[in-house]
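In what follows, a single structure is set out as structure tokens and then discussed.
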Amino acid sequence: MSTKMKINSQIFQDSNNTYFPKTEEEVSILIKEFYKKNLPTEIVGTNTKSFIGNKTQTSNKISLSKLSGIIDYFPEELYIKVKAGTPLEDVEKALEKNNQELAFEPIDLGFIENGKTNKGTVAGCLSCNYAGSRRFKVGSVRDHVLGFQGINGKGEIIKSGGTVVKNVTGYDLSKLITGSFGTLSILTEITLKVLPKKKFSNTIVIDVEDHKKIYDLFNQISGSSSEVSGAVFIPNEPEDKNYKKNRDQIFKFNDLDFKGPFLAFRIEGDKISINEKIKSLTEELQLNTFRTFLLDSYQSDPFWKKINNLELFEKTENNLLRIVIEPSNGSKMMKYINNKFKYYIDWCGSLFWIEVPAKKNMKVKEIKKMAIEFGGYLTIIKTSPDYDYDETIFTVDDVRLMISKKIKESFDPKRILNPGKMYRGV
Amino acid sequence: MTELALPKIDKKIIDRKDEIVKNLSKISGSDNVLSHPDEVKPYETDALAAYTQTPLSVILPKDTNEVSEILKYCHKENVKVIPRGAGTGLSGGALPLQDAVILGLGKFNKILNIDYENKCVVTQPGVTNLGITHAVQHKGFYYAPDPSSQLACSIGGNVAENSGGVHSLKYGTTTNNILGVEMVLMDGTICRFGGKTLDQEGYDLMGLICGSEGLLGVVTEVTVKILKKPQVVKAALIGFPTIEEGGNAASDIISNGIVPAGMEIMDKALIEATDNFSKAGYPRDAELLLIVELDGTESEVNELLKKVSEISKKNNCSSLKLSKNEEERLKFWAGRKAAFPACGAMAPDYYCMDGVIPRGKLAEALLEIKKLSKKYELLVANCFHAGDGNLHPLIMFDGSDKEQLRKTEEFGAEILKLCVKLGGVITGEHGVGIEKRELMCEMFNDRDIQQQLDIKKSLDEKNLLNPGKVYPILRKCAEEGRVHVHKNENKFPDLPRF
């Protein structure tokens, strides 16, 4: 008798020992069995982000792709409740019909993998906690999770939170689960806060290259009351044959007759308020001292999509690093990079995406040291095929690692769920 | 009040009081360790004043290292510890135990760093919520969460309770507005989660700590995000002839894509009570009153107010006033902010509940509460943070009448159960504390609660930090107290409560 039969004849299993449970009960049955037999398992949605993190040494895999569908959607209550494996695209389509959206702007890692859009599942989005450009204004993925239900490492169904925005009933486990890369629970149901979609967006592109000026602008933007909802800096690409040159191709817009490095920021809302905000930002940022370009909604929307799709790093074979630092150290970071690497800055100066050629693997450690020194952290999102450098994928200190181990044990005492995905021993 | 179950008292600890006080004095100095009954008296309760307990001792450390030493000592000697901020909590989260030491953070009252470049303030936990805004407002910045007790409540307490306020829908609660914390675990380990950067990689331990009611660690430093004040703030005051029409208008505002900075609802009983009390000029004929506050740029706010007016008219509003200036806007709020004292003036005692319901269920909830009010023969007035669904029914009663007190407690528990039945939760911002402990099982089953207890155990294996709070002791639903205010003798009578 195969393992599959022993567990539950109803649960489909393919030839690679991947199980496709269709219900929460089936997930629970599987984990209970794995728990009993001490069998660790990898957990995936639709495999769009499974390259992030350490390789798990497991013989089994659970895919949540069949656990899919919208459970409840109440536009007037500003929430949507879905099964964990629901494609993010389905959720966004449903929200779009009611002029709503996930305000945190989930990023799309499909482009860096194979050059086309593939946002994966809601559970995958939660597990990574990677918000897009609007992050500095509206919060991250974790700020939009109202509640969840899932299976812990013992196979028990657990839940936390609810469907309302104000809730202090018990520990806020929704936060803890978000960004835990499937190491604490297998998500089965997720409730997300949704918000009205802004009618229009405009983007102002500024011709600027000087580090100090760039960070002066970022500083003024994040300190403005004009509710700027995106601010990036796109430098020139380095003259290095290890990088694919695609910048000018990607940021080709009718009203952007310009090839140099630029800072761009976005304003959203009704036309009347956009105009008013542009007027007041023009004064605050003294925009008349720069050369600027205005992208209307038709150009602005695709512009930010390209940013959040990480199209600059399309199909990269190099290492891709994600670094978050204190914005006040941003210009120092820029100075260090000095256009030796292909990169761009998002989140109004906080987030750096840096591509490091396979040949410069050793630089990863140096950049990580710098990120920590600048009050932040580094995640190696993707490694080059020949990456053999011994540097941990995530940034963690000893105390946090110790606490993480304890938290892991409270959810998953036998380390059944994605063991080692984040840290050794977790 | 129904008798309150508390963790078993460790008599040996009480017998060792002198020795414990002596050892704690070695850490923080004898001036900072209180043990005489007169000295510890002010610490015997928090703002849930119905319950009192005399603590073994009170210790007032002055820095993180002392907190770490104190916890290390107590951990080794099996002494329970109750962390305490300003003591303004409404759910009894800082209620002492006879065999426990109160760890008061009153000396942690300094702002450490104002960092405009990173848009944050690093502060000690004893600084008040409003103190942060006061420190940055001259540059046009503020700290967004605004619990009604913001004048006195400490930011450390805000982290413990994940405090909200009237602007939560648009600006979030504490958890959405902090960037980092320094915290000490029960075994004395000092840890830092987050910092001045956005998001933290790895497990969101800051998210776990926020709202954990002092059960997982003692927060010794907080980094909060500051925002630039909106350019323009205006409000609308709208009366409705029926509960349903007012409730529908509130729902329609949201479903029309408007996210108000604040949206408040009051029922007829409260309109009358507050208008008598504060002379705010509310429409006395209305069954339901809606206050909608909008912020942004001038034309944006005007445009939104126009839309709100249209929606209100469509829902048959009986009166509609738009604030013409800042003075008028504040006057609109004056009555609402006087809701609690106004109820205090109407009856010898009142209970304040803190449930949350989906916005669209408001009419249903209010009608059901009306029925319950008849059933229990007790007056009730309702205010509702309509933006985020937080309902605060105020039950009026006479505490000297034991039968009325019992009925009030039953009534209150029924309201919270109703909130859960309608898809909501038993507490939106006051916390569970000791007050709603036994009602946790209305929302969670044993497994859910066990998972939370396992987390607690992983960080405090001996269960010494704030034991007896949040999680049911009886493991069955009993009716315990709500915020009980007798003859307006609030623990903090000067604090607005809304």
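Chain labels run A, B, ... following the order of the structure tokens; each chain numbers its residues from 1, and ligands are numbered from 1 in the order shown.
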Can you tell me which residues surround A:Ile380 at a distance of at most 8 Å, considering only C-alpha atoms, apart from same-chain residues fewer than 5 positions away, and format the answer as a PDB file with N, CA and C atoms, in the first residue's frame?
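Full text of around.pdb as output:
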ATOM      1  N   ILE A  52      12.448  31.339  -2.766  1.00  0.00           N
ATOM      2  CA  ILE A  52      12.960  32.184  -1.682  1.00  0.00           C
ATOM      3  C   ILE A  52      13.182  31.319  -0.438  1.00  0.00           C
ATOM      4  N   GLY A  53      14.277  31.548   0.236  1.00  0.00           N
ATOM      5  CA  GLY A  53      14.549  30.803   1.470  1.00  0.00           C
ATOM      6  C   GLY A  53      15.452  29.614   1.226  1.00  0.00           C
ATOM      7  N   ASN A 319      22.280  37.085  -8.489  1.00  0.00           N
ATOM      8  CA  ASN A 319      21.689  37.134  -7.147  1.00  0.00           C
ATOM      9  C   ASN A 319      20.812  38.384  -7.055  1.00  0.00           C
ATOM     10  N   LEU A 320      19.656  38.232  -6.427  1.00  0.00           N
ATOM     11  CA  LEU A 320      18.794  39.395  -6.245  1.00  0.00           C
ATOM     12  C   LEU A 320      18.607  39.637  -4.740  1.00  0.00           C
ATOM     13  N   LEU A 321      18.972  40.834  -4.311  1.00  0.00           N
ATOM     14  CA  LEU A 321      18.915  41.158  -2.882  1.00  0.00           C
ATOM     15  C   LEU A 321      17.822  42.186  -2.608  1.00  0.00           C
ATOM     16  N   ARG A 322      17.176  41.999  -1.472  1.00  0.00           N
ATOM     17  CA  ARG A 322      16.150  42.966  -1.039  1.00  0.00           C
ATOM     18  C   ARG A 322      16.626  43.533   0.294  1.00  0.00           C
ATOM     19  N   ILE A 393      20.395  33.360   4.204  1.00  0.00           N
ATOM     20  CA  ILE A 393      19.441  34.012   3.310  1.00  0.00           C
ATOM     21  C   ILE A 393      18.765  35.199   4.004  1.00  0.00           C
ATOM     22  N   PHE A 394      18.459  35.014   5.292  1.00  0.00           N
ATOM     23  CA  PHE A 394      17.762  36.053   6.049  1.00  0.00           C
ATOM     24  C   PHE A 394      18.721  36.695   7.057  1.00  0.00           C
TER      25      PHE A 394
END
Next on the checklist: Going by DSSP on the backbone, which residues of stretch 254-451 of chain B come out as strand (DSSP E or B)? List them as a PyMOL selection string.
Outcome noted: chain B and resi 262-267+288-296+319-322+349-352+355-356+379-385+390-397+425
Each chain B residue no farther than 7 Å from chain A, nearest pair in Å, only C-alpha atoms, as CSV:
residue,atom,partner,partner_atom,distance
B:Glu117,CA,A:Ser328,CA,5.9
B:Asn118,CA,A:Pro327,CA,6.0
B:Asn162,CA,A:Val168,CA,6.7
B:Asn176,CA,A:Asp143,CA,6.2
B:Cys191,CA,A:Val399,CA,6.4
B:Lys196,CA,A:Glu326,CA,5.9
B:Thr197,CA,A:Glu326,CA,5.0
B:Gly202,CA,A:Ser180,CA,6.3
B:Tyr203,CA,A:Ser180,CA,5.5
B:Asp204,CA,A:Leu176,CA,4.9
B:Leu205,CA,A:Leu176,CA,6.5
B:Gly207,CA,A:Lys175,CA,5.3
B:Leu208,CA,A:Asp172,CA,5.6
B:Gly211,CA,A:Val168,CA,6.1
B:Ser212,CA,A:Tyr171,CA,5.4
B:Lys228,CA,A:Ser225,CA,5.2
B:Lys229,CA,A:Ser225,CA,6.2
B:Pro230,CA,A:Ser225,CA,5.4
B:Gln231,CA,A:Ser225,CA,6.5
B:Ser251,CA,A:Glu76,CA,6.2
B:Ile254,CA,A:Glu76,CA,5.9
B:Ser255,CA,A:Glu76,CA,4.5
B:Gly257,CA,A:Pro196,CA,4.8
B:Thr297,CA,A:Ser273,CA,6.8
B:Ser299,CA,A:Ser273,CA,6.3
B:Glu300,CA,A:Ser273,CA,5.1
B:Pro358,CA,A:Glu77,CA,6.5
B:Arg359,CA,A:Glu77,CA,6.3
B:Gly360,CA,A:Glu77,CA,6.9
B:Asp388,CA,A:Val165,CA,6.0
B:Asn390,CA,A:Lys166,CA,6.9
B:Gly424,CA,A:Val164,CA,6.6
B:Val425,CA,A:Asn167,CA,6.7
B:Ile426,CA,A:Thr169,CA,6.8
B:Thr427,CA,A:Thr169,CA,5.8
B:Gly428,CA,A:Asn167,CA,4.3
B:Glu429,CA,A:Val168,CA,6.0
B:Gly431,CA,A:Val168,CA,5.7
B:Val432,CA,A:Thr169,CA,6.3
B:Arg447,CA,A:Ile158,CA,6.4
B:Asp448,CA,A:Ile158,CA,5.0
B:Gln451,CA,A:Phe411,CA,7.0
B:Gln452,CA,A:Tyr171,CA,6.8
B:Asp454,CA,A:Ser410,CA,5.3
B:Ile455,CA,A:Ser410,CA,5.5
B:Ser458,CA,A:Lys406,CA,5.5
B:Val470,CA,A:Gly170,CA,6.8
Just N, CA and C atoms for this one: save the residues we selected as a short mmCIF file (atom, residue, chain, number, x, y, z; two decimals), in the first residue's frame.
data_model
loop_
_atom_site.label_atom_id
_atom_site.label_comp_id
_atom_site.auth_asym_id
_atom_site.auth_seq_id
_atom_site.Cartn_x
_atom_site.Cartn_y
_atom_site.Cartn_z
N GLU B 117 13.95 62.87 9.95
CA GLU B 117 14.38 62.31 8.68
C GLU B 117 13.78 60.92 8.47
N ASN B 118 13.76 60.13 9.56
CA ASN B 118 13.16 58.80 9.46
C ASN B 118 11.70 58.79 9.88
N ASN B 162 -2.69 47.45 22.25
CA ASN B 162 -2.93 47.81 20.85
C ASN B 162 -4.06 48.83 20.75
N ASN B 176 -0.17 49.32 13.75
CA ASN B 176 0.13 49.84 12.42
C ASN B 176 0.98 51.11 12.48
N CYS B 191 15.55 42.18 24.42
CA CYS B 191 15.49 41.97 22.97
C CYS B 191 14.94 43.20 22.26
N LYS B 196 14.06 51.56 13.16
CA LYS B 196 13.51 52.72 12.46
C LYS B 196 13.16 52.39 11.02
N THR B 197 13.28 51.11 10.67
CA THR B 197 12.98 50.71 9.29
C THR B 197 11.54 50.21 9.18
N GLY B 202 11.61 38.13 9.10
CA GLY B 202 11.46 37.06 10.08
C GLY B 202 10.13 37.15 10.79
N TYR B 203 9.98 36.40 11.88
CA TYR B 203 8.71 36.42 12.60
C TYR B 203 8.43 37.84 13.11
N ASP B 204 7.19 38.26 12.94
CA ASP B 204 6.80 39.61 13.32
C ASP B 204 6.55 39.63 14.84
N LEU B 205 7.64 39.64 15.59
CA LEU B 205 7.53 39.56 17.05
C LEU B 205 6.95 40.85 17.62
N GLY B 207 4.64 42.55 16.14
CA GLY B 207 3.19 42.38 15.95
C GLY B 207 2.59 41.49 17.01
N LEU B 208 3.36 40.51 17.46
CA LEU B 208 2.87 39.60 18.51
C LEU B 208 2.78 40.32 19.85
N GLY B 211 -0.55 44.36 21.77
CA GLY B 211 -1.86 43.80 22.12
C GLY B 211 -1.76 42.55 22.98
N SER B 212 -0.55 42.23 23.47
CA SER B 212 -0.42 41.00 24.27
C SER B 212 -0.67 41.25 25.76
N LYS B 228 2.64 63.71 9.00
CA LYS B 228 2.38 65.15 8.83
C LYS B 228 0.88 65.37 8.98
N LYS B 229 0.53 66.43 9.70
CA LYS B 229 -0.90 66.73 9.89
C LYS B 229 -1.57 67.00 8.56
N PRO B 230 -2.82 66.53 8.41
CA PRO B 230 -3.53 66.83 7.16
C PRO B 230 -3.75 68.34 7.01
N GLN B 231 -3.83 68.77 5.76
CA GLN B 231 -3.98 70.21 5.52
C GLN B 231 -5.30 70.77 6.03
N SER B 251 -23.10 52.92 6.04
CA SER B 251 -22.63 51.86 5.14
C SER B 251 -22.41 52.38 3.73
N ILE B 254 -19.16 54.27 3.12
CA ILE B 254 -18.01 53.38 2.91
C ILE B 254 -18.08 52.73 1.52
N SER B 255 -19.29 52.24 1.17
CA SER B 255 -19.34 51.52 -0.11
C SER B 255 -19.24 52.47 -1.31
N GLY B 257 -16.81 54.36 -1.56
CA GLY B 257 -15.37 54.59 -1.73
C GLY B 257 -14.80 55.71 -0.88
N THR B 297 -6.82 67.59 1.33
CA THR B 297 -6.65 68.95 0.83
C THR B 297 -8.02 69.63 0.78
N SER B 299 -9.96 71.12 -1.51
CA SER B 299 -10.99 70.76 -2.49
C SER B 299 -11.38 69.29 -2.35
N GLU B 300 -10.43 68.45 -1.94
CA GLU B 300 -10.73 67.04 -1.72
C GLU B 300 -11.78 66.89 -0.61
N PRO B 358 -19.70 44.08 12.47
CA PRO B 358 -19.56 44.58 11.09
C PRO B 358 -20.44 45.83 10.95
N ARG B 359 -19.93 46.84 10.22
CA ARG B 359 -20.66 48.11 10.11
C ARG B 359 -22.12 47.93 9.69
N GLY B 360 -22.32 47.05 8.74
CA GLY B 360 -23.66 46.87 8.17
C GLY B 360 -24.67 46.28 9.15
N ASP B 388 -14.94 51.90 12.15
CA ASP B 388 -14.30 50.61 12.37
C ASP B 388 -15.18 49.59 13.09
N ASN B 390 -16.66 49.66 16.05
CA ASN B 390 -16.51 49.52 17.50
C ASN B 390 -17.73 50.13 18.23
N GLY B 424 -18.78 39.84 14.84
CA GLY B 424 -17.79 40.74 15.41
C GLY B 424 -16.97 40.09 16.50
N VAL B 425 -16.43 40.92 17.40
CA VAL B 425 -15.55 40.42 18.46
C VAL B 425 -15.91 41.06 19.80
N ILE B 426 -15.36 40.50 20.89
CA ILE B 426 -15.76 40.95 22.23
C ILE B 426 -14.98 42.16 22.74
N THR B 427 -13.89 42.49 22.09
CA THR B 427 -13.22 43.75 22.48
C THR B 427 -12.47 44.36 21.30
N GLY B 428 -12.71 45.66 21.11
CA GLY B 428 -12.09 46.37 20.00
C GLY B 428 -10.88 47.15 20.42
N GLU B 429 -10.91 47.66 21.67
CA GLU B 429 -9.79 48.51 22.06
C GLU B 429 -9.51 48.53 23.56
N GLY B 431 -9.27 45.81 25.53
CA GLY B 431 -8.52 44.63 25.92
C GLY B 431 -9.39 43.63 26.68
N VAL B 432 -8.86 42.45 26.86
CA VAL B 432 -9.60 41.38 27.55
C VAL B 432 -9.36 41.49 29.05
N ARG B 447 -8.73 24.70 21.35
CA ARG B 447 -7.49 24.58 20.58
C ARG B 447 -6.89 25.95 20.28
N ASP B 448 -7.77 26.88 19.88
CA ASP B 448 -7.30 28.25 19.58
C ASP B 448 -6.63 28.82 20.83
N GLN B 451 -3.29 27.20 21.66
CA GLN B 451 -2.17 27.68 20.84
C GLN B 451 -1.60 28.97 21.43
N GLN B 452 -2.50 29.84 21.87
CA GLN B 452 -2.05 31.10 22.46
C GLN B 452 -1.33 30.85 23.78
N ASP B 454 0.30 28.20 24.50
CA ASP B 454 1.61 27.60 24.16
C ASP B 454 2.64 28.68 23.84
N ILE B 455 2.18 29.73 23.16
CA ILE B 455 3.09 30.85 22.86
C ILE B 455 3.52 31.51 24.17
N SER B 458 6.04 29.46 25.84
CA SER B 458 7.36 29.43 25.21
C SER B 458 8.21 30.63 25.64
N VAL B 470 -6.40 37.74 30.46
CA VAL B 470 -6.72 37.41 29.05
C VAL B 470 -7.31 36.01 28.85
#
Next on the checklist: I'd like to know which residues of stretch 112-167 of chain A are helix (DSSP H, G or I) (by DSSP, run on the backbone); could you write them as a ChimeraX atom specification?
Outcome noted: /A:112-114,122-128,135-138,141-144
Checklist entry - Do you have the atom CA of B:Asp199-atom CA of A:Ser133 distance handy? => result 13.3 Å
Item to check | Within 10 Å of A:Ile31 using only C-alpha atoms, minus same-chain residues under 4 positions, as a count of residues only | outcome: 21
Next on the checklist: Quick one: residues within 8 Å of stretch 113-126 of chain A, only C-alpha atoms, excluding same-chain residues fewer than 5 positions away - as a list in words?
Outcome noted: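 My list of contacting residues is Val44, Gly45, Thr46, Asn47, Thr48, Lys49, Ser65, Ala84, Gly85, Thr86, Pro87, Leu88, Glu89, Pro106, Ile107, Asp108, Val141, Arg142, Ile177, Thr178, Gly179, Phe181, Leu187, Ile190, Asn309, Glu311, Glu314, Lys315 and Thr316 of chain A.
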Checklist entry - Hey, can you check how far atom CA of B:Gly188 sits from atom CA of B:Pro96? => result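 These atoms are spaced 20.6 Å apart.
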Item to check | Option closest in space to B:Ala286, from B:Leu320, B:Ala363, B:Leu304, B:Leu6 [counting only C-alpha atoms] | outcome: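 Of all the options, B:Leu320 lies closest to B:Ala286.
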Item to check | From B:Leu439, B:Leu237, B:Glu213, B:Gly165, residue lying nearest B:Arg329 [only C-alpha atoms] | outcome: B:Leu237
Item to check | Within 7 Å of stretch 414-421 of chain B using only C-alpha atoms, minus same-chain residues under 2 positions, as a PyMOL selection string | outcome: chain B and resi 355-357+369+410-412+423-426+442-443
Atoms to include: N, CA and C atoms. Write the selected residues as an mmCIF file, in the first residue's frame.
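Contents of out.cif, freshly written:
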data_model
loop_
_atom_site.group_PDB
_atom_site.id
_atom_site.type_symbol
_atom_site.label_atom_id
_atom_site.label_comp_id
_atom_site.auth_asym_id
_atom_site.auth_seq_id
_atom_site.Cartn_x
_atom_site.Cartn_y
_atom_site.Cartn_z
ATOM 1 N N GLY B 355 -17.669 46.183 22.355
ATOM 2 C CA GLY B 355 -17.742 45.129 21.339
ATOM 3 C C GLY B 355 -17.484 45.695 19.951
ATOM 4 N N VAL B 356 -17.266 44.809 19.003
ATOM 5 C CA VAL B 356 -17.119 45.243 17.612
ATOM 6 C C VAL B 356 -18.081 44.428 16.757
ATOM 7 N N ILE B 357 -18.727 45.108 15.816
ATOM 8 C CA ILE B 357 -19.635 44.425 14.885
ATOM 9 C C ILE B 357 -19.311 44.880 13.463
ATOM 10 N N ILE B 369 -30.308 45.421 21.010
ATOM 11 C CA ILE B 369 -29.941 45.982 22.321
ATOM 12 C C ILE B 369 -31.160 46.675 22.955
ATOM 13 N N GLU B 410 -25.452 40.568 33.342
ATOM 14 C CA GLU B 410 -26.033 39.619 32.384
ATOM 15 C C GLU B 410 -26.302 40.296 31.045
ATOM 16 N N PHE B 411 -26.861 41.494 31.141
ATOM 17 C CA PHE B 411 -27.177 42.302 29.963
ATOM 18 C C PHE B 411 -25.892 42.547 29.150
ATOM 19 N N GLY B 412 -24.847 42.960 29.864
ATOM 20 C CA GLY B 412 -23.569 43.243 29.211
ATOM 21 C C GLY B 412 -23.017 42.032 28.481
ATOM 22 N N GLY B 423 -20.946 38.516 13.856
ATOM 23 C CA GLY B 423 -19.705 38.454 13.074
ATOM 24 C C GLY B 423 -18.599 39.345 13.619
ATOM 25 N N GLY B 424 -18.784 39.837 14.840
ATOM 26 C CA GLY B 424 -17.790 40.742 15.408
ATOM 27 C C GLY B 424 -16.973 40.090 16.504
ATOM 28 N N VAL B 425 -16.431 40.918 17.400
ATOM 29 C CA VAL B 425 -15.555 40.417 18.463
ATOM 30 C C VAL B 425 -15.907 41.065 19.802
ATOM 31 N N ILE B 426 -15.363 40.497 20.886
ATOM 32 C CA ILE B 426 -15.763 40.952 22.229
ATOM 33 C C ILE B 426 -14.982 42.159 22.739
ATOM 34 N N GLU B 442 -16.356 32.530 23.722
ATOM 35 C CA GLU B 442 -17.399 32.863 22.744
ATOM 36 C C GLU B 442 -16.791 32.957 21.339
ATOM 37 N N MET B 443 -15.503 33.312 21.301
ATOM 38 C CA MET B 443 -14.844 33.504 20.002
ATOM 39 C C MET B 443 -13.901 32.379 19.637
#
Item to check | Nearby residues (only C-alpha atoms) at most 9 Å from B:Ser400, same-chain spacing under 4 positions excluded, as a list in words | outcome: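 With the cut-off at 9 Å, the set is Pro348, Gln404 and Leu405 of chain B.
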Which residues, written as a PDB file with C-alpha atoms, in the first residue's frame, have at least one atom at most 10 Å from B:Leu216, with only C-alpha atoms counted and residues fewer than 6 positions away on the same chain left out?
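Output (out_4.pdb):
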ATOM      1  CA  TYR A 171      -2.662  37.664  20.720  1.00  0.00           C
TER       2      TYR A 171
ATOM      3  CA  ALA B 160       0.270  46.333  25.476  1.00  0.00           C
ATOM      4  CA  MET B 183      11.463  44.482  25.433  1.00  0.00           C
ATOM      5  CA  VAL B 184      12.598  42.352  28.358  1.00  0.00           C
ATOM      6  CA  LEU B 185      11.452  38.746  28.666  1.00  0.00           C
ATOM      7  CA  MET B 186      10.509  37.213  32.012  1.00  0.00           C
ATOM      8  CA  LEU B 208       2.870  39.601  18.508  1.00  0.00           C
ATOM      9  CA  ILE B 209       3.836  41.839  21.437  1.00  0.00           C
ATOM     10  CA  CYS B 210       1.436  44.594  20.403  1.00  0.00           C
ATOM     11  CA  ILE B 455       3.088  30.847  22.861  1.00  0.00           C
ATOM     12  CA  LYS B 456       2.839  32.324  26.340  1.00  0.00           C
ATOM     13  CA  LYS B 457       4.556  29.258  27.761  1.00  0.00           C
ATOM     14  CA  SER B 458       7.359  29.428  25.210  1.00  0.00           C
ATOM     15  CA  LEU B 459       8.322  32.917  26.429  1.00  0.00           C
ATOM     16  CA  ASP B 460       7.299  32.616  30.086  1.00  0.00           C
ATOM     17  CA  ASN B 463       3.659  31.733  33.940  1.00  0.00           C
ATOM     18  CA  LEU B 464       4.952  34.516  36.169  1.00  0.00           C
ATOM     19  CA  LEU B 465       4.288  37.548  33.964  1.00  0.00           C
ATOM     20  CA  ASN B 466       0.824  39.044  34.465  1.00  0.00           C
TER      21      ASN B 466
END
Next on the checklist: One decimal, in Å: what's the spacing between atom CA of B:Thr220 and atom CA of B:Lys436?
Outcome noted: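 These two atoms are separated by 26.7 Å.
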Item to check | Which of B:Val40, B:Ala50, B:Ile253, B:Ala280 sits closest to B:Lys306 [using only C-alpha atoms] | outcome: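 Between B:Val40, B:Ala50, B:Ile253, B:Ala280, the residue approaching B:Lys306 most closely is B:Ile253.
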